[in-house]
Amino acid sequence: MAGRTDVFDLARLQLSSGQGRRVDLLVELEPLEFGGQRYSSQTRLTEAALDAARTTAGYSLRLRFGAHLEGPCMRCLEDADTRIHVDAREIDQPGGGDDLRSPYLAGEELDVRTWARDALALALPAQIACREECRGLCAICGENLNDASPDHVHERAPDPRFAELDKLRFE
Ligand SMILES: [Zn+2]
Ligand SMILES: [Zn+2]
């Protein structure tokens, strides 16, 4: 495997209609913003498998890679260890209408870097958490509830009306 690939020229594969080939690429994964937090891949360069098949008029493409993201748990803000498996497909069929054009393909130049970035963002779970049962932070004092005792509770803030009553009683 050579160096990093940002744009891959599919013409290099010299595929004729019906033929397909797999190539292994090193793709750069840019840090991404998600839910107001920043996540970056532990290995900035990631091995990705690109499957390219020539159709009658275009290409059918599949990109697969794994990523190990580092960044905070969205509930407790401790480090979350998030492994994502990306399996993305694109079809490019010139003449088949806009739905069948891939935004990552210009002629035979495939923008694997942008595709990998978008596919990773789409593969993220709804919420990144350090573990499924993370209890998050206490809404009142901010303590990490994963470390707090199970009976962590706060007295209810006194109702100001009762405070007035107390005054009356003791005067
Ligand atoms: Zn957590
Ligand atoms: Zn608390």
# chains A, B, ... in the order shown; residues from 1 in each chain; ligands from 1
call {"tool": "residues_around", "arguments": {"residues": "stretch 69-83 of chain A", "least_positions_apart": "6", "cutoff": "7 Å", "atoms": "only C-alpha atoms", "output": "ChimeraX atom specification"}}
result
/A:38-42,127-130,136-137,144
call {"tool": "residues_near_ligand", "arguments": {"ligand": "ligand 2", "cutoff": "9 Å", "atoms": "only C-alpha atoms and all ligand atoms", "output": "list in words"}}
result
Leu137, Cys138, Ala139, Ile140, Cys141, Gly142, Glu143, Asn144, Leu145, Ala148, His152, Val153 and His154 of chain A
call {"tool": "write_last_selection", "arguments": {"atoms": "N, CA, C and O atoms", "output": "mmCIF file, in the first residue's frame"}}
result
data_model
loop_
_atom_site.group_PDB
_atom_site.id
_atom_site.type_symbol
_atom_site.label_atom_id
_atom_site.label_comp_id
_atom_site.auth_asym_id
_atom_site.auth_seq_id
_atom_site.Cartn_x
_atom_site.Cartn_y
_atom_site.Cartn_z
ATOM 1 N N LEU A 137 -24.329 12.801 34.219
ATOM 2 C CA LEU A 137 -24.029 13.705 35.325
ATOM 3 C C LEU A 137 -25.319 14.094 36.046
ATOM 4 O O LEU A 137 -26.372 14.197 35.435
ATOM 5 N N CYS A 138 -25.202 14.337 37.343
ATOM 6 C CA CYS A 138 -26.350 14.804 38.117
ATOM 7 C C CYS A 138 -26.742 16.187 37.609
ATOM 8 O O CYS A 138 -25.893 17.062 37.455
ATOM 9 N N ALA A 139 -28.024 16.369 37.329
ATOM 10 C CA ALA A 139 -28.499 17.635 36.771
ATOM 11 C C ALA A 139 -28.398 18.758 37.799
ATOM 12 O O ALA A 139 -28.409 19.933 37.446
ATOM 13 N N ILE A 140 -28.291 18.424 39.086
ATOM 14 C CA ILE A 140 -28.267 19.463 40.117
ATOM 15 C C ILE A 140 -26.838 19.832 40.522
ATOM 16 O O ILE A 140 -26.472 21.002 40.534
ATOM 17 N N CYS A 141 -26.005 18.823 40.820
ATOM 18 C CA CYS A 141 -24.666 19.168 41.310
ATOM 19 C C CYS A 141 -23.566 18.840 40.305
ATOM 20 O O CYS A 141 -22.419 19.208 40.510
ATOM 21 N N GLY A 142 -23.880 18.142 39.210
ATOM 22 C CA GLY A 142 -22.876 17.857 38.196
ATOM 23 C C GLY A 142 -21.972 16.676 38.514
ATOM 24 O O GLY A 142 -21.043 16.385 37.776
ATOM 25 N N GLU A 143 -22.221 15.983 39.626
ATOM 26 C CA GLU A 143 -21.399 14.817 39.955
ATOM 27 C C GLU A 143 -21.626 13.705 38.932
ATOM 28 O O GLU A 143 -22.742 13.534 38.430
ATOM 29 N N ASN A 144 -20.541 12.972 38.649
ATOM 30 C CA ASN A 144 -20.657 11.836 37.737
ATOM 31 C C ASN A 144 -21.428 10.720 38.444
ATOM 32 O O ASN A 144 -20.963 10.151 39.425
ATOM 33 N N LEU A 145 -22.605 10.418 37.956
ATOM 34 C CA LEU A 145 -23.472 9.455 38.647
ATOM 35 C C LEU A 145 -22.979 8.022 38.531
ATOM 36 O O LEU A 145 -23.451 7.141 39.238
ATOM 37 N N ALA A 148 -21.074 8.000 41.743
ATOM 38 C CA ALA A 148 -21.818 8.402 42.942
ATOM 39 C C ALA A 148 -22.494 7.197 43.576
ATOM 40 O O ALA A 148 -22.687 6.170 42.935
ATOM 41 N N HIS A 152 -27.763 8.686 45.480
ATOM 42 C CA HIS A 152 -27.432 10.102 45.315
ATOM 43 C C HIS A 152 -28.706 10.897 45.008
ATOM 44 O O HIS A 152 -29.288 10.766 43.956
ATOM 45 N N VAL A 153 -29.162 11.680 45.975
ATOM 46 C CA VAL A 153 -30.358 12.520 45.769
ATOM 47 C C VAL A 153 -30.118 13.866 46.434
ATOM 48 O O VAL A 153 -29.206 14.033 47.238
ATOM 49 N N HIS A 154 -30.916 14.821 46.055
ATOM 50 C CA HIS A 154 -30.831 16.147 46.671
ATOM 51 C C HIS A 154 -32.154 16.449 47.344
ATOM 52 O O HIS A 154 -33.204 16.061 46.853
#
call {"tool": "residues_around", "arguments": {"residues": "A:Leu63", "least_positions_apart": "2", "cutoff": "12 Å", "atoms": "only C-alpha atoms", "output": "CSV table (one decimal) with N, CA and C atoms, in the first residue's frame"}}
result
chain,number,residue,atom,x,y,z
A,22,ARG,N,-11.1,-5.0,-6.2
A,22,ARG,CA,-10.9,-4.4,-4.8
A,22,ARG,C,-9.5,-3.8,-4.7
A,23,VAL,N,-9.5,-2.6,-4.2
A,23,VAL,CA,-8.2,-2.0,-3.9
A,23,VAL,C,-8.2,-1.5,-2.4
A,24,ASP,N,-7.0,-1.7,-1.8
A,24,ASP,CA,-6.9,-1.2,-0.4
A,24,ASP,C,-6.2,0.1,-0.4
A,25,LEU,N,-6.8,1.1,0.3
A,25,LEU,CA,-6.3,2.4,0.3
A,25,LEU,C,-6.0,2.9,1.7
A,26,LEU,N,-5.2,3.9,1.8
A,26,LEU,CA,-5.0,4.6,3.1
A,26,LEU,C,-5.7,5.9,3.0
A,27,VAL,N,-6.8,6.0,3.8
A,27,VAL,CA,-7.6,7.2,3.8
A,27,VAL,C,-7.4,8.1,5.0
A,46,THR,N,-6.4,5.6,7.9
A,46,THR,CA,-7.1,4.3,8.1
A,46,THR,C,-7.1,3.5,6.8
A,47,GLU,N,-6.9,2.2,7.0
A,47,GLU,CA,-7.0,1.3,5.8
A,47,GLU,C,-8.4,1.1,5.4
A,48,ALA,N,-8.7,1.4,4.2
A,48,ALA,CA,-10.1,1.2,3.7
A,48,ALA,C,-10.0,0.3,2.4
A,49,ALA,N,-11.1,-0.5,2.3
A,49,ALA,CA,-11.2,-1.4,1.1
A,49,ALA,C,-12.2,-0.7,0.2
A,50,LEU,N,-11.8,-0.5,-1.0
A,50,LEU,CA,-12.7,0.1,-2.0
A,50,LEU,C,-13.0,-1.0,-3.1
A,51,ASP,N,-14.3,-1.3,-3.2
A,51,ASP,CA,-14.7,-2.3,-4.3
A,51,ASP,C,-15.3,-1.4,-5.4
A,52,ALA,N,-14.7,-1.6,-6.6
A,52,ALA,CA,-15.3,-0.8,-7.7
A,52,ALA,C,-15.7,-1.8,-8.8
A,53,ALA,N,-16.9,-1.7,-9.3
A,53,ALA,CA,-17.3,-2.5,-10.4
A,53,ALA,C,-17.9,-1.6,-11.5
A,60,SER,N,-20.4,1.0,-9.8
A,60,SER,CA,-21.0,0.7,-8.5
A,60,SER,C,-19.8,0.6,-7.5
A,61,LEU,N,-19.9,1.3,-6.4
A,61,LEU,CA,-18.7,1.4,-5.5
A,61,LEU,C,-19.1,1.1,-4.1
A,65,PHE,N,-14.4,0.5,6.0
A,65,PHE,CA,-13.3,0.7,6.9
A,65,PHE,C,-13.8,0.8,8.4
A,66,GLY,N,-12.9,0.6,9.3
A,66,GLY,CA,-13.2,0.7,10.7
A,66,GLY,C,-12.5,2.0,11.2
A,85,HIS,N,-17.9,0.9,12.4
A,85,HIS,CA,-17.7,0.2,11.2
A,85,HIS,C,-18.4,0.8,10.1
A,86,VAL,N,-17.7,1.2,9.1
A,86,VAL,CA,-18.4,1.9,8.0
A,86,VAL,C,-18.4,1.0,6.7
A,87,ASP,N,-19.6,1.0,6.2
A,87,ASP,CA,-19.8,0.2,4.9
A,87,ASP,C,-20.8,1.0,4.1
A,88,ALA,N,-20.2,1.7,3.1
A,88,ALA,CA,-20.9,2.7,2.3
A,88,ALA,C,-20.9,2.3,0.9
A,89,ARG,N,-22.0,2.6,0.2
A,89,ARG,CA,-22.1,2.3,-1.2
A,89,ARG,C,-22.5,3.5,-2.0
A,90,GLU,N,-22.0,3.5,-3.2
A,90,GLU,CA,-22.4,4.6,-4.2
A,90,GLU,C,-22.6,4.0,-5.5
A,91,ILE,N,-23.6,4.6,-6.2
A,91,ILE,CA,-23.8,4.2,-7.6
A,91,ILE,C,-23.6,5.4,-8.5
A,104,TYR,N,-19.4,12.1,-5.2
A,104,TYR,CA,-18.0,11.9,-4.9
A,104,TYR,C,-17.2,11.6,-6.2
A,110,LEU,N,-12.4,9.6,-8.1
A,110,LEU,CA,-13.3,9.4,-6.9
A,110,LEU,C,-12.7,10.1,-5.7
A,111,ASP,N,-13.5,11.0,-5.1
A,111,ASP,CA,-13.0,11.7,-3.9
A,111,ASP,C,-13.2,10.9,-2.6
A,112,VAL,N,-12.3,10.0,-2.4
A,112,VAL,CA,-12.4,9.0,-1.3
A,112,VAL,C,-12.3,9.7,0.1
A,113,ARG,N,-11.6,10.8,0.1
A,113,ARG,CA,-11.4,11.5,1.4
A,113,ARG,C,-12.8,12.1,1.9
A,114,THR,N,-13.5,12.8,1.0
A,114,THR,CA,-14.8,13.3,1.3
A,114,THR,C,-15.8,12.2,1.6
A,115,TRP,N,-15.8,11.2,0.8
A,115,TRP,CA,-16.7,10.1,0.9
A,115,TRP,C,-16.5,9.4,2.3
A,116,ALA,N,-15.2,9.2,2.6
A,116,ALA,CA,-14.9,8.6,3.9
A,116,ALA,C,-15.4,9.4,5.1
A,117,ARG,N,-15.2,10.7,5.0
A,117,ARG,CA,-15.6,11.7,6.0
A,117,ARG,C,-17.2,11.6,6.2
A,118,ASP,N,-17.9,11.7,5.1
A,118,ASP,CA,-19.4,11.7,5.2
A,118,ASP,C,-19.9,10.4,5.6
A,119,ALA,N,-19.3,9.3,5.1
A,119,ALA,CA,-19.8,8.0,5.5
A,119,ALA,C,-19.5,7.7,7.0
A,120,LEU,N,-18.4,8.2,7.5
A,120,LEU,CA,-18.2,8.1,9.0
A,120,LEU,C,-19.2,8.8,9.8
call {"tool": "select_by_dssp", "arguments": {"residues": "stretch 20-148 of chain A", "states": "strand (DSSP E or B)", "output": "ChimeraX atom specification"}}
result
/A:20-28,32-34,37-41,45-54,59-72,79-92,105-106,109-111,137,144
call {"tool": "residues_around", "arguments": {"residues": "A:Glu109", "least_positions_apart": "3", "cutoff": "7 Å", "atoms": "only C-alpha atoms", "output": "list in words"}}
result
Val7, Phe8, Asp9, Leu10, Leu105 and Ala106 of chain A
call {"tool": "atom_distance", "arguments": {"atom1": "atom CA of A:Leu124", "atom2": "atom CA of A:Ile84"}}
result
6.9 Å
call {"tool": "residues_around", "arguments": {"residues": "A:Glu28", "least_positions_apart": "5", "cutoff": "8 Å", "atoms": "only C-alpha atoms", "output": "MDAnalysis selection string"}}
result
chainID A and resid 4:6 44:46 113
call {"tool": "select_by_dssp", "arguments": {"residues": "chain A", "states": "alpha helix (DSSP H)", "output": "JSON list (two decimals) with N, CA, C and O atoms, in the first residue's frame"}}
result
[["chain", "number", "residue", "atom", "x", "y", "z"],
["A", 112, "VAL", "N", -12.28, 9.98, -2.41],
["A", 112, "VAL", "CA", -12.42, 9.03, -1.30],
["A", 112, "VAL", "C", -12.32, 9.72, 0.06],
["A", 112, "VAL", "O", -12.94, 9.29, 1.03],
["A", 113, "ARG", "N", -11.58, 10.80, 0.11],
["A", 113, "ARG", "CA", -11.42, 11.49, 1.39],
["A", 113, "ARG", "C", -12.77, 12.06, 1.87],
["A", 113, "ARG", "O", -13.17, 11.87, 3.01],
["A", 114, "THR", "N", -13.48, 12.76, 0.98],
["A", 114, "THR", "CA", -14.78, 13.34, 1.34],
["A", 114, "THR", "C", -15.81, 12.23, 1.58],
["A", 114, "THR", "O", -16.61, 12.30, 2.52],
["A", 115, "TRP", "N", -15.76, 11.22, 0.75],
["A", 115, "TRP", "CA", -16.69, 10.11, 0.92],
["A", 115, "TRP", "C", -16.49, 9.44, 2.29],
["A", 115, "TRP", "O", -17.45, 9.18, 3.02],
["A", 116, "ALA", "N", -15.23, 9.20, 2.64],
["A", 116, "ALA", "CA", -14.94, 8.56, 3.93],
["A", 116, "ALA", "C", -15.42, 9.43, 5.09],
["A", 116, "ALA", "O", -16.00, 8.93, 6.06],
["A", 117, "ARG", "N", -15.23, 10.74, 4.98],
["A", 117, "ARG", "CA", -15.65, 11.65, 6.05],
["A", 117, "ARG", "C", -17.17, 11.62, 6.21],
["A", 117, "ARG", "O", -17.70, 11.47, 7.32],
["A", 118, "ASP", "N", -17.90, 11.73, 5.10],
["A", 118, "ASP", "CA", -19.36, 11.73, 5.16],
["A", 118, "ASP", "C", -19.90, 10.38, 5.64],
["A", 118, "ASP", "O", -20.84, 10.31, 6.44],
["A", 119, "ALA", "N", -19.30, 9.31, 5.15],
["A", 119, "ALA", "CA", -19.78, 7.97, 5.51],
["A", 119, "ALA", "C", -19.55, 7.72, 7.00],
["A", 119, "ALA", "O", -20.38, 7.10, 7.68],
["A", 120, "LEU", "N", -18.44, 8.21, 7.53],
["A", 120, "LEU", "CA", -18.18, 8.05, 8.96],
["A", 120, "LEU", "C", -19.21, 8.82, 9.78],
["A", 120, "LEU", "O", -19.76, 8.30, 10.75],
["A", 121, "ALA", "N", -19.50, 10.06, 9.35],
["A", 121, "ALA", "CA", -20.50, 10.87, 10.08],
["A", 121, "ALA", "C", -21.86, 10.17, 10.07],
["A", 121, "ALA", "O", -22.58, 10.17, 11.08],
["A", 122, "LEU", "N", -22.21, 9.54, 8.95],
["A", 122, "LEU", "CA", -23.50, 8.86, 8.85],
["A", 122, "LEU", "C", -23.56, 7.58, 9.67],
["A", 122, "LEU", "O", -24.63, 7.12, 10.05],
["A", 123, "ALA", "N", -22.39, 7.00, 9.93],
["A", 123, "ALA", "CA", -22.36, 5.72, 10.64],
["A", 123, "ALA", "C", -22.34, 5.90, 12.16],
["A", 123, "ALA", "O", -22.41, 4.92, 12.90],
["A", 160, "PRO", "N", -40.67, 28.70, 48.35],
["A", 160, "PRO", "CA", -40.65, 30.00, 49.04],
["A", 160, "PRO", "C", -41.92, 30.28, 49.84],
["A", 160, "PRO", "O", -41.88, 30.98, 50.84],
["A", 161, "ARG", "N", -43.04, 29.70, 49.44],
["A", 161, "ARG", "CA", -44.27, 29.95, 50.17],
["A", 161, "ARG", "C", -44.21, 29.37, 51.58],
["A", 161, "ARG", "O", -44.71, 29.94, 52.54],
["A", 162, "PHE", "N", -43.53, 28.18, 51.68],
["A", 162, "PHE", "CA", -43.41, 27.59, 53.02],
["A", 162, "PHE", "C", -42.46, 28.39, 53.88],
["A", 162, "PHE", "O", -42.63, 28.47, 55.10],
["A", 163, "ALA", "N", -41.46, 29.01, 53.24],
["A", 163, "ALA", "CA", -40.54, 29.84, 53.99],
["A", 163, "ALA", "C", -41.31, 30.98, 54.65],
["A", 163, "ALA", "O", -41.07, 31.33, 55.81],
["A", 164, "GLU", "N", -42.25, 31.55, 53.93],
["A", 164, "GLU", "CA", -43.08, 32.62, 54.48],
["A", 164, "GLU", "C", -43.91, 32.11, 55.65],
["A", 164, "GLU", "O", -44.02, 32.76, 56.69],
["A", 165, "LEU", "N", -44.44, 30.90, 55.49],
["A", 165, "LEU", "CA", -45.24, 30.31, 56.57],
["A", 165, "LEU", "C", -44.41, 30.13, 57.82],
["A", 165, "LEU", "O", -44.88, 30.41, 58.94],
["A", 166, "ASP", "N", -43.16, 29.65, 57.61],
["A", 166, "ASP", "CA", -42.27, 29.42, 58.76],
["A", 166, "ASP", "C", -42.07, 30.72, 59.52],
["A", 166, "ASP", "O", -42.06, 30.75, 60.74],
["A", 167, "LYS", "N", -41.88, 31.80, 58.76],
["A", 167, "LYS", "CA", -41.66, 33.10, 59.39],
["A", 167, "LYS", "C", -42.86, 33.45, 60.27],
["A", 167, "LYS", "O", -42.70, 33.85, 61.43],
["A", 168, "LEU", "N", -44.04, 33.24, 59.72],
["A", 168, "LEU", "CA", -45.26, 33.60, 60.47],
["A", 168, "LEU", "C", -45.32, 32.80, 61.77],
["A", 168, "LEU", "O", -45.63, 33.32, 62.83],
["A", 169, "ARG", "N", -44.98, 31.51, 61.63],
["A", 169, "ARG", "CA", -45.10, 30.62, 62.78],
["A", 169, "ARG", "C", -44.19, 31.06, 63.95],
["A", 169, "ARG", "O", -44.54, 30.93, 65.08],
["A", 170, "PHE", "N", -42.96, 31.49, 63.54],
["A", 170, "PHE", "CA", -42.01, 31.77, 64.61],
["A", 170, "PHE", "C", -42.03, 33.21, 65.11],
["A", 170, "PHE", "O", -41.32, 33.54, 66.03]]
call {"tool": "atom_distance", "arguments": {"atom1": "atom CA of A:Pro31", "atom2": "atom CA of A:Glu132"}}
result
23.2 Å
call {"tool": "closest_residue", "arguments": {"among": "A:Asp151, A:Thr43, A:Arg54, A:Glu133", "to": "ligand 1", "atoms": "only C-alpha atoms and all ligand atoms"}}
result
A:Glu133
call {"tool": "atom_distance", "arguments": {"atom1": "atom CA of A:Leu13", "atom2": "atom CA of A:Tyr59"}}
result
11.7 Å
call {"tool": "decode", "arguments": {"residues": "stretch 62-90 of chain A", "atoms": "N, CA, C and O atoms", "output": "compact mmCIF listing (two decimals), in the first residue's frame"}}
result
# COMPACT_ATOMS: atom_id res chain seq x y z
N ARG A 62 -18.16 0.54 -3.39
CA ARG A 62 -18.39 0.23 -1.98
C ARG A 62 -17.10 0.55 -1.22
O ARG A 62 -16.01 0.18 -1.66
N LEU A 63 -17.24 1.23 -0.11
CA LEU A 63 -16.08 1.62 0.69
C LEU A 63 -16.28 1.11 2.11
O LEU A 63 -17.31 1.37 2.73
N ARG A 64 -15.30 0.39 2.60
CA ARG A 64 -15.41 -0.16 3.96
C ARG A 64 -14.17 0.15 4.79
O ARG A 64 -13.05 0.02 4.29
N PHE A 65 -14.39 0.55 6.00
CA PHE A 65 -13.26 0.74 6.92
C PHE A 65 -13.77 0.77 8.36
O PHE A 65 -14.96 0.94 8.62
N GLY A 66 -12.86 0.61 9.27
CA GLY A 66 -13.19 0.72 10.68
C GLY A 66 -12.53 1.95 11.24
O GLY A 66 -11.46 2.36 10.77
N ALA A 67 -13.14 2.56 12.23
CA ALA A 67 -12.53 3.72 12.86
C ALA A 67 -12.69 3.61 14.37
O ALA A 67 -13.69 3.08 14.86
N HIS A 68 -11.68 4.08 15.06
CA HIS A 68 -11.69 4.08 16.52
C HIS A 68 -11.67 5.54 16.94
O HIS A 68 -10.63 6.20 16.84
N LEU A 69 -12.81 6.05 17.35
CA LEU A 69 -12.92 7.48 17.64
C LEU A 69 -12.63 7.79 19.11
O LEU A 69 -13.04 7.06 20.00
N GLU A 70 -11.93 8.89 19.29
CA GLU A 70 -11.66 9.37 20.65
C GLU A 70 -12.38 10.69 20.86
O GLU A 70 -12.33 11.57 20.01
N GLY A 71 -13.02 10.81 22.01
CA GLY A 71 -13.76 12.02 22.34
C GLY A 71 -14.64 11.73 23.53
O GLY A 71 -14.72 10.58 23.98
N PRO A 72 -15.30 12.75 24.05
CA PRO A 72 -16.05 12.57 25.29
C PRO A 72 -17.39 11.87 25.14
O PRO A 72 -18.05 11.98 24.12
N CYS A 73 -17.76 11.15 26.19
CA CYS A 73 -19.10 10.59 26.33
C CYS A 73 -20.08 11.76 26.39
O CYS A 73 -19.84 12.73 27.11
N MET A 74 -21.15 11.69 25.64
CA MET A 74 -22.10 12.81 25.62
C MET A 74 -22.91 12.91 26.90
O MET A 74 -23.59 13.89 27.13
N ARG A 75 -22.86 11.89 27.74
CA ARG A 75 -23.62 11.97 28.99
C ARG A 75 -22.74 12.37 30.17
O ARG A 75 -23.10 13.23 30.95
N CYS A 76 -21.55 11.74 30.32
CA CYS A 76 -20.75 12.03 31.52
C CYS A 76 -19.46 12.77 31.20
O CYS A 76 -18.74 13.17 32.12
N LEU A 77 -19.15 12.96 29.95
CA LEU A 77 -17.98 13.71 29.48
C LEU A 77 -16.64 13.02 29.73
O LEU A 77 -15.59 13.56 29.44
N GLU A 78 -16.65 11.79 30.27
CA GLU A 78 -15.42 11.01 30.36
C GLU A 78 -15.07 10.52 28.96
O GLU A 78 -15.89 10.59 28.06
N ASP A 79 -13.84 10.02 28.81
CA ASP A 79 -13.46 9.52 27.49
C ASP A 79 -14.38 8.38 27.06
O ASP A 79 -14.65 7.48 27.84
N ALA A 80 -14.82 8.44 25.85
CA ALA A 80 -15.61 7.35 25.30
C ALA A 80 -14.78 6.69 24.20
O ALA A 80 -14.08 7.36 23.46
N ASP A 81 -14.86 5.40 24.16
CA ASP A 81 -14.08 4.61 23.23
C ASP A 81 -15.07 4.11 22.18
O ASP A 81 -15.83 3.20 22.45
N THR A 82 -15.10 4.73 21.03
CA THR A 82 -16.15 4.41 20.07
C THR A 82 -15.57 3.76 18.83
O THR A 82 -14.76 4.36 18.13
N ARG A 83 -15.97 2.54 18.59
CA ARG A 83 -15.55 1.86 17.37
C ARG A 83 -16.69 1.88 16.37
O ARG A 83 -17.81 1.53 16.72
N ILE A 84 -16.37 2.31 15.18
CA ILE A 84 -17.40 2.43 14.15
C ILE A 84 -16.98 1.58 12.98
O ILE A 84 -15.81 1.59 12.59
N HIS A 85 -17.94 0.87 12.42
CA HIS A 85 -17.66 0.15 11.18
C HIS A 85 -18.44 0.82 10.06
O HIS A 85 -19.65 0.97 10.16
N VAL A 86 -17.72 1.24 9.06
CA VAL A 86 -18.36 1.94 7.96
C VAL A 86 -18.45 1.02 6.74
O VAL A 86 -17.47 0.35 6.38
N ASP A 87 -19.63 0.97 6.16
CA ASP A 87 -19.85 0.18 4.95
C ASP A 87 -20.76 1.03 4.06
O ASP A 87 -21.96 1.09 4.29
N ALA A 88 -20.17 1.74 3.11
CA ALA A 88 -20.94 2.71 2.33
C ALA A 88 -20.93 2.30 0.86
O ALA A 88 -19.97 1.71 0.37
N ARG A 89 -22.02 2.61 0.20
CA ARG A 89 -22.13 2.28 -1.22
C ARG A 89 -22.52 3.50 -2.03
O ARG A 89 -23.24 4.37 -1.55
N GLU A 90 -22.04 3.54 -3.22
CA GLU A 90 -22.38 4.61 -4.15
C GLU A 90 -22.60 4.00 -5.52
O GLU A 90 -21.93 3.03 -5.91
